[in-house]
Amino acid sequence: MTAILSIQSSVAYGHVGNSAAVFPLQRLSIDVWPVLTVHFSNHTGYGSFRGPVLPADQIAEVLRGVEERGVLPGCDAVLSGYMGDVSLGHVVLDAVAKVKAANPKAIYCCDPVLGDVGRGFFVRPGLPEFMRDRAVPQADIITPNQFELEYLSGFSAQGRAVATLADALEAARTVQATGPRIVLVTSLTRGDAPEGVIEMLAVAPEGAWIVATPRLPITVNGSGDITAALFLAHYLRSGDPGLALGRTAGTVYAVMEATHLSGKREIQLVAAQDAIANPPERFEVTKVQG
């Protein structure tokens with residue numbers, strides 16, 4: 001059975017971080033080892049929340065306990081999301097190093113959560129540089145949104161934006177050259193795309209693939225967390241970035257559609273679980289490079 005060590009936040013109510021990633025992975029028959037970085041009542045988008053932020057040394061203790069069980073050789077991947085601060089980032093990278101030492105075939109999927117278009121950075125000082133200079137180069141797969149892609153590629157420092165497909169491919173290849181094998185751009189909006197769509201772009205050494213889904217009039221928390229988890233799962237199973245992209249897009253759209261129809265603020269993972277277990281082959285994946 002495939003096993004993933006997932007180091008992310010947790011909420012009692014709603015679906016972000018591990019509370020968004022664990023259930024979909026389990027519905028895909030993947031054994032998940034969740035390590036919690038915070039345990040909040042709800043995600044911070046509500047404006048108020050309660051619960052503890054777990055110190056980096058306590059998270060390291062949990063990871064040390066997992067290591068002491070002697071199970072790291074059976075870990076196929078490490079998944080990380082929002083890191084909070086640099087001290088936690090060091091703990092995550094230490095865990096990645098230990099997993100890869102125990103299982104050289106294991107991969108690291110890093111969702112470089114830093115900010116978003118219209119909001120800018122929403123992480124603590126020092127974390128963008130840590131992500132760019134330390135975490136991303138050690139990752140095998142990264143899953144940035146468009147804002148994060150522009151930062152990690154140096155586009156934003158140059159005063160450039162990802163405005164076209166050519167820009168997106170150039171930016172992804174630039175980041176890829178720093179270390180990660182696959183760059184999944186999770187929410188691409190470009191001027192030369194058809195109207196009314198949002199796209200995902202997967203760039204790998206052997207080629208690049210794009211898929212478009214209708215843009216729904218909703219803004220939710222946790223969609224990036226489920227996207228990273230699903231893409232990692234489908235890539236582990238298939239080894240095919242294009243296939244993983246299509247399956248991820250089909251499921252994410254089904255979840256977002258169910259959320260929109262529900263009128264609720266939280267993503268509807270449970271309601272859409274059939275589309276998680278059996279990804280709809282609904283959207284065409286086009287190879288655009290390679």
# chains A, B, ... in the order shown; residues from 1 in each chain; ligands from 1
>>> select_by_dssp(residues="stretch 53-290 of chain A", states="strand (DSSP E)", output="PyMOL selection string")
chain A and resi 77-80+107-110+115-116+120-121+141-142+182-188+197-204+207-214+285-289
>>> residues_around(residues="stretch 214-223 of chain A", least_positions_apart="6", cutoff="9 Å", atoms="only C-alpha atoms", output="list in words")
Gly14, His15, Val16, Gly17, Ser19, Ala20, Ala21, His43, Gly45, Gly196, Val197, Ile198, Glu199, Val252, Tyr253, Val255, Met256, Glu257, Thr259, His260, Arg265, Glu266 and Ile267 of chain A
>>> atom_distance(atom1="atom CA of A:Ala102", atom2="atom CA of A:Leu230")
24.1 Å
>>> atom_distance(atom1="atom CA of A:Gly159", atom2="atom CA of A:Val117")
14.5 Å
>>> atom_distance(atom1="atom CA of A:Met131", atom2="atom CA of A:Ala168")
19.5 Å
>>> residues_around(residues="A:Leu245", least_positions_apart="2", cutoff="12 Å", atoms="only C-alpha atoms", output="number ranges by chain")
A: 143, 182-186, 199-204, 208-213, 227-235, 238-243, 247-252, 279-287
>>> closest_residue(among="A:Val96, A:Ile7, A:Val62, A:Ile142", to="A:Tyr82", atoms="only C-alpha atoms")
A:Ile7
>>> select_by_dssp(residues="stretch 2-211 of chain A", states="alpha helix (DSSP H)", output="PDB file with C-alpha atoms, in the first residue's frame")
ATOM      1  CA  ASN A  18      -4.375  17.905   6.548  1.00  0.00           C
ATOM      2  CA  SER A  19      -8.120  18.291   7.095  1.00  0.00           C
ATOM      3  CA  ALA A  20      -8.380  18.699   3.317  1.00  0.00           C
ATOM      4  CA  ALA A  21      -5.665  16.250   2.255  1.00  0.00           C
ATOM      5  CA  VAL A  22      -6.071  13.166   4.440  1.00  0.00           C
ATOM      6  CA  PHE A  23      -9.612  12.108   3.509  1.00  0.00           C
ATOM      7  CA  PRO A  24      -9.104  12.322  -0.279  1.00  0.00           C
ATOM      8  CA  LEU A  25      -5.866  10.351  -0.001  1.00  0.00           C
ATOM      9  CA  GLN A  26      -7.599   7.705   2.076  1.00  0.00           C
ATOM     10  CA  ARG A  27     -10.454   7.483  -0.456  1.00  0.00           C
ATOM     11  CA  ALA A  56       8.668  23.117  15.873  1.00  0.00           C
ATOM     12  CA  ASP A  57      10.412  21.055  18.550  1.00  0.00           C
ATOM     13  CA  GLN A  58       7.160  19.253  19.405  1.00  0.00           C
ATOM     14  CA  ILE A  59       6.506  18.491  15.736  1.00  0.00           C
ATOM     15  CA  ALA A  60      10.053  17.152  15.504  1.00  0.00           C
ATOM     16  CA  GLU A  61       9.286  14.911  18.500  1.00  0.00           C
ATOM     17  CA  VAL A  62       6.252  13.459  16.735  1.00  0.00           C
ATOM     18  CA  LEU A  63       8.332  12.810  13.628  1.00  0.00           C
ATOM     19  CA  ARG A  64      11.063  11.234  15.767  1.00  0.00           C
ATOM     20  CA  GLY A  65       8.473   8.890  17.239  1.00  0.00           C
ATOM     21  CA  VAL A  66       7.345   7.849  13.768  1.00  0.00           C
ATOM     22  CA  GLU A  67      10.968   7.221  12.810  1.00  0.00           C
ATOM     23  CA  GLU A  68      11.417   5.057  15.930  1.00  0.00           C
ATOM     24  CA  VAL A  86      11.348  28.959   9.036  1.00  0.00           C
ATOM     25  CA  SER A  87      11.890  26.801  12.141  1.00  0.00           C
ATOM     26  CA  LEU A  88       9.137  24.445  10.986  1.00  0.00           C
ATOM     27  CA  GLY A  89      10.612  24.492   7.499  1.00  0.00           C
ATOM     28  CA  HIS A  90      13.863  23.068   8.863  1.00  0.00           C
ATOM     29  CA  VAL A  91      11.916  20.300  10.648  1.00  0.00           C
ATOM     30  CA  VAL A  92      10.115  19.412   7.409  1.00  0.00           C
ATOM     31  CA  LEU A  93      13.326  19.234   5.388  1.00  0.00           C
ATOM     32  CA  ASP A  94      14.957  17.105   8.088  1.00  0.00           C
ATOM     33  CA  ALA A  95      12.031  14.686   7.850  1.00  0.00           C
ATOM     34  CA  VAL A  96      12.358  14.605   4.060  1.00  0.00           C
ATOM     35  CA  ALA A  97      16.075  13.783   4.358  1.00  0.00           C
ATOM     36  CA  LYS A  98      15.373  10.942   6.783  1.00  0.00           C
ATOM     37  CA  VAL A  99      12.605   9.464   4.626  1.00  0.00           C
ATOM     38  CA  LYS A 100      14.784   9.592   1.519  1.00  0.00           C
ATOM     39  CA  ALA A 101      17.696   8.012   3.394  1.00  0.00           C
ATOM     40  CA  ALA A 102      15.394   5.152   4.422  1.00  0.00           C
ATOM     41  CA  LEU A 127       9.703  32.266   4.762  1.00  0.00           C
ATOM     42  CA  PRO A 128       9.508  33.290   1.077  1.00  0.00           C
ATOM     43  CA  GLU A 129      13.314  33.225   0.860  1.00  0.00           C
ATOM     44  CA  PHE A 130      13.494  29.921   2.750  1.00  0.00           C
ATOM     45  CA  VAL A 136      11.821  24.182  -3.443  1.00  0.00           C
ATOM     46  CA  PRO A 137      15.314  23.030  -4.560  1.00  0.00           C
ATOM     47  CA  GLN A 138      14.916  19.889  -2.412  1.00  0.00           C
ATOM     48  CA  GLN A 146       0.362  31.844 -10.222  1.00  0.00           C
ATOM     49  CA  PHE A 147       1.543  34.414  -7.647  1.00  0.00           C
ATOM     50  CA  GLU A 148       3.958  31.914  -6.108  1.00  0.00           C
ATOM     51  CA  LEU A 149       5.233  30.884  -9.539  1.00  0.00           C
ATOM     52  CA  GLU A 150       6.040  34.510 -10.369  1.00  0.00           C
ATOM     53  CA  TYR A 151       7.980  34.891  -7.122  1.00  0.00           C
ATOM     54  CA  LEU A 152       9.857  31.579  -7.245  1.00  0.00           C
ATOM     55  CA  LEU A 165       1.163  30.401 -21.832  1.00  0.00           C
ATOM     56  CA  ALA A 166       4.719  31.079 -23.028  1.00  0.00           C
ATOM     57  CA  ASP A 167       5.348  33.087 -19.847  1.00  0.00           C
ATOM     58  CA  ALA A 168       3.987  30.293 -17.677  1.00  0.00           C
ATOM     59  CA  LEU A 169       6.154  27.693 -19.399  1.00  0.00           C
ATOM     60  CA  GLU A 170       9.245  29.892 -19.093  1.00  0.00           C
ATOM     61  CA  ALA A 171       8.598  30.584 -15.408  1.00  0.00           C
ATOM     62  CA  ALA A 172       7.955  26.910 -14.640  1.00  0.00           C
ATOM     63  CA  ARG A 173      11.107  25.804 -16.476  1.00  0.00           C
ATOM     64  CA  THR A 174      13.101  28.447 -14.581  1.00  0.00           C
ATOM     65  CA  VAL A 175      11.904  27.077 -11.237  1.00  0.00           C
ATOM     66  CA  GLN A 176      12.377  23.507 -12.435  1.00  0.00           C
TER      67      GLN A 176
END
>>> residues_around(residues="A:Val35", least_positions_apart="2", cutoff="7 Å", atoms="only C-alpha atoms", output="list in words")
Ser6, Ile7, Gln8, Trp33 and Thr37 of chain A
>>> decode(residues="stretch 108-135 of chain A", atoms="N, CA, C and O atoms", output="compact mmCIF listing (two decimals), in the first residue's frame")
# COMPACT_ATOMS: atom_id res chain seq x y z
N TYR A 108 9.38 14.04 -2.53
CA TYR A 108 8.90 15.14 -1.69
C TYR A 108 8.07 16.07 -2.53
O TYR A 108 8.55 16.63 -3.53
N CYS A 109 6.81 16.25 -2.13
CA CYS A 109 5.90 17.19 -2.78
C CYS A 109 5.69 18.38 -1.86
O CYS A 109 5.17 18.23 -0.75
N CYS A 110 6.12 19.54 -2.32
CA CYS A 110 6.05 20.77 -1.53
C CYS A 110 5.04 21.73 -2.14
O CYS A 110 5.20 22.15 -3.29
N ASP A 111 4.01 22.05 -1.39
CA ASP A 111 3.08 23.10 -1.80
C ASP A 111 3.64 24.40 -1.19
O ASP A 111 3.52 24.61 0.01
N PRO A 112 4.25 25.26 -2.00
CA PRO A 112 4.95 26.43 -1.46
C PRO A 112 4.00 27.58 -1.13
O PRO A 112 3.95 28.60 -1.82
N VAL A 113 3.23 27.40 -0.07
CA VAL A 113 2.19 28.36 0.29
C VAL A 113 2.84 29.66 0.78
O VAL A 113 3.46 29.69 1.84
N LEU A 114 2.69 30.71 -0.01
CA LEU A 114 3.32 31.99 0.31
C LEU A 114 2.36 33.17 0.20
O LEU A 114 2.45 34.13 0.95
N GLY A 115 1.45 33.12 -0.76
CA GLY A 115 0.56 34.26 -0.99
C GLY A 115 -0.33 33.98 -2.18
O GLY A 115 -0.41 32.85 -2.67
N ASP A 116 -0.97 35.03 -2.66
CA ASP A 116 -1.89 34.86 -3.78
C ASP A 116 -2.07 36.19 -4.50
O ASP A 116 -1.78 37.26 -3.94
N VAL A 117 -2.54 36.11 -5.73
CA VAL A 117 -2.82 37.30 -6.52
C VAL A 117 -3.87 38.14 -5.79
O VAL A 117 -4.89 37.63 -5.33
N GLY A 118 -3.61 39.43 -5.67
CA GLY A 118 -4.53 40.32 -5.00
C GLY A 118 -4.31 40.45 -3.51
O GLY A 118 -4.73 41.44 -2.90
N ARG A 119 -3.64 39.46 -2.92
CA ARG A 119 -3.37 39.49 -1.48
C ARG A 119 -1.90 39.71 -1.18
O ARG A 119 -1.54 40.18 -0.12
N GLY A 120 -1.04 39.34 -2.12
CA GLY A 120 0.39 39.41 -1.87
C GLY A 120 0.82 38.31 -0.91
O GLY A 120 0.12 37.31 -0.73
N PHE A 121 1.97 38.51 -0.26
CA PHE A 121 2.46 37.52 0.70
C PHE A 121 1.62 37.57 1.97
O PHE A 121 1.26 38.65 2.45
N PHE A 122 1.33 36.38 2.54
CA PHE A 122 0.63 36.36 3.83
C PHE A 122 1.37 35.47 4.83
O PHE A 122 0.78 34.95 5.78
N VAL A 123 2.67 35.29 4.62
CA VAL A 123 3.49 34.48 5.52
C VAL A 123 4.49 35.36 6.25
O VAL A 123 4.70 36.52 5.89
N ARG A 124 5.12 34.80 7.26
CA ARG A 124 6.07 35.55 8.07
C ARG A 124 7.32 35.90 7.29
O ARG A 124 7.71 35.18 6.36
N PRO A 125 7.98 37.00 7.67
CA PRO A 125 9.24 37.39 7.01
C PRO A 125 10.26 36.26 7.07
O PRO A 125 10.36 35.54 8.07
N GLY A 126 10.98 36.09 5.98
CA GLY A 126 11.99 35.05 5.90
C GLY A 126 11.52 33.77 5.25
O GLY A 126 12.32 33.02 4.68
N LEU A 127 10.21 33.52 5.32
CA LEU A 127 9.70 32.27 4.76
C LEU A 127 9.72 32.24 3.24
O LEU A 127 10.07 31.19 2.66
N PRO A 128 9.39 33.34 2.55
CA PRO A 128 9.51 33.29 1.08
C PRO A 128 10.92 32.93 0.62
O PRO A 128 11.09 32.10 -0.28
N GLU A 129 11.93 33.52 1.24
CA GLU A 129 13.31 33.22 0.86
C GLU A 129 13.69 31.78 1.21
O GLU A 129 14.38 31.11 0.43
N PHE A 130 13.23 31.31 2.37
CA PHE A 130 13.49 29.92 2.75
C PHE A 130 12.87 28.97 1.75
O PHE A 130 13.49 27.98 1.33
N MET A 131 11.64 29.26 1.36
CA MET A 131 10.95 28.39 0.41
C MET A 131 11.69 28.38 -0.93
O MET A 131 11.92 27.30 -1.51
N ARG A 132 12.08 29.57 -1.40
CA ARG A 132 12.75 29.68 -2.69
C ARG A 132 14.14 29.03 -2.68
O ARG A 132 14.51 28.31 -3.62
N ASP A 133 14.89 29.25 -1.61
CA ASP A 133 16.31 28.87 -1.59
C ASP A 133 16.56 27.50 -0.99
O ASP A 133 17.59 26.88 -1.30
N ARG A 134 15.65 26.99 -0.13
CA ARG A 134 15.90 25.73 0.56
C ARG A 134 14.88 24.65 0.24
O ARG A 134 15.26 23.54 -0.15
N ALA A 135 13.60 24.97 0.41
CA ALA A 135 12.59 23.92 0.28
C ALA A 135 12.35 23.52 -1.17
O ALA A 135 12.38 22.33 -1.51
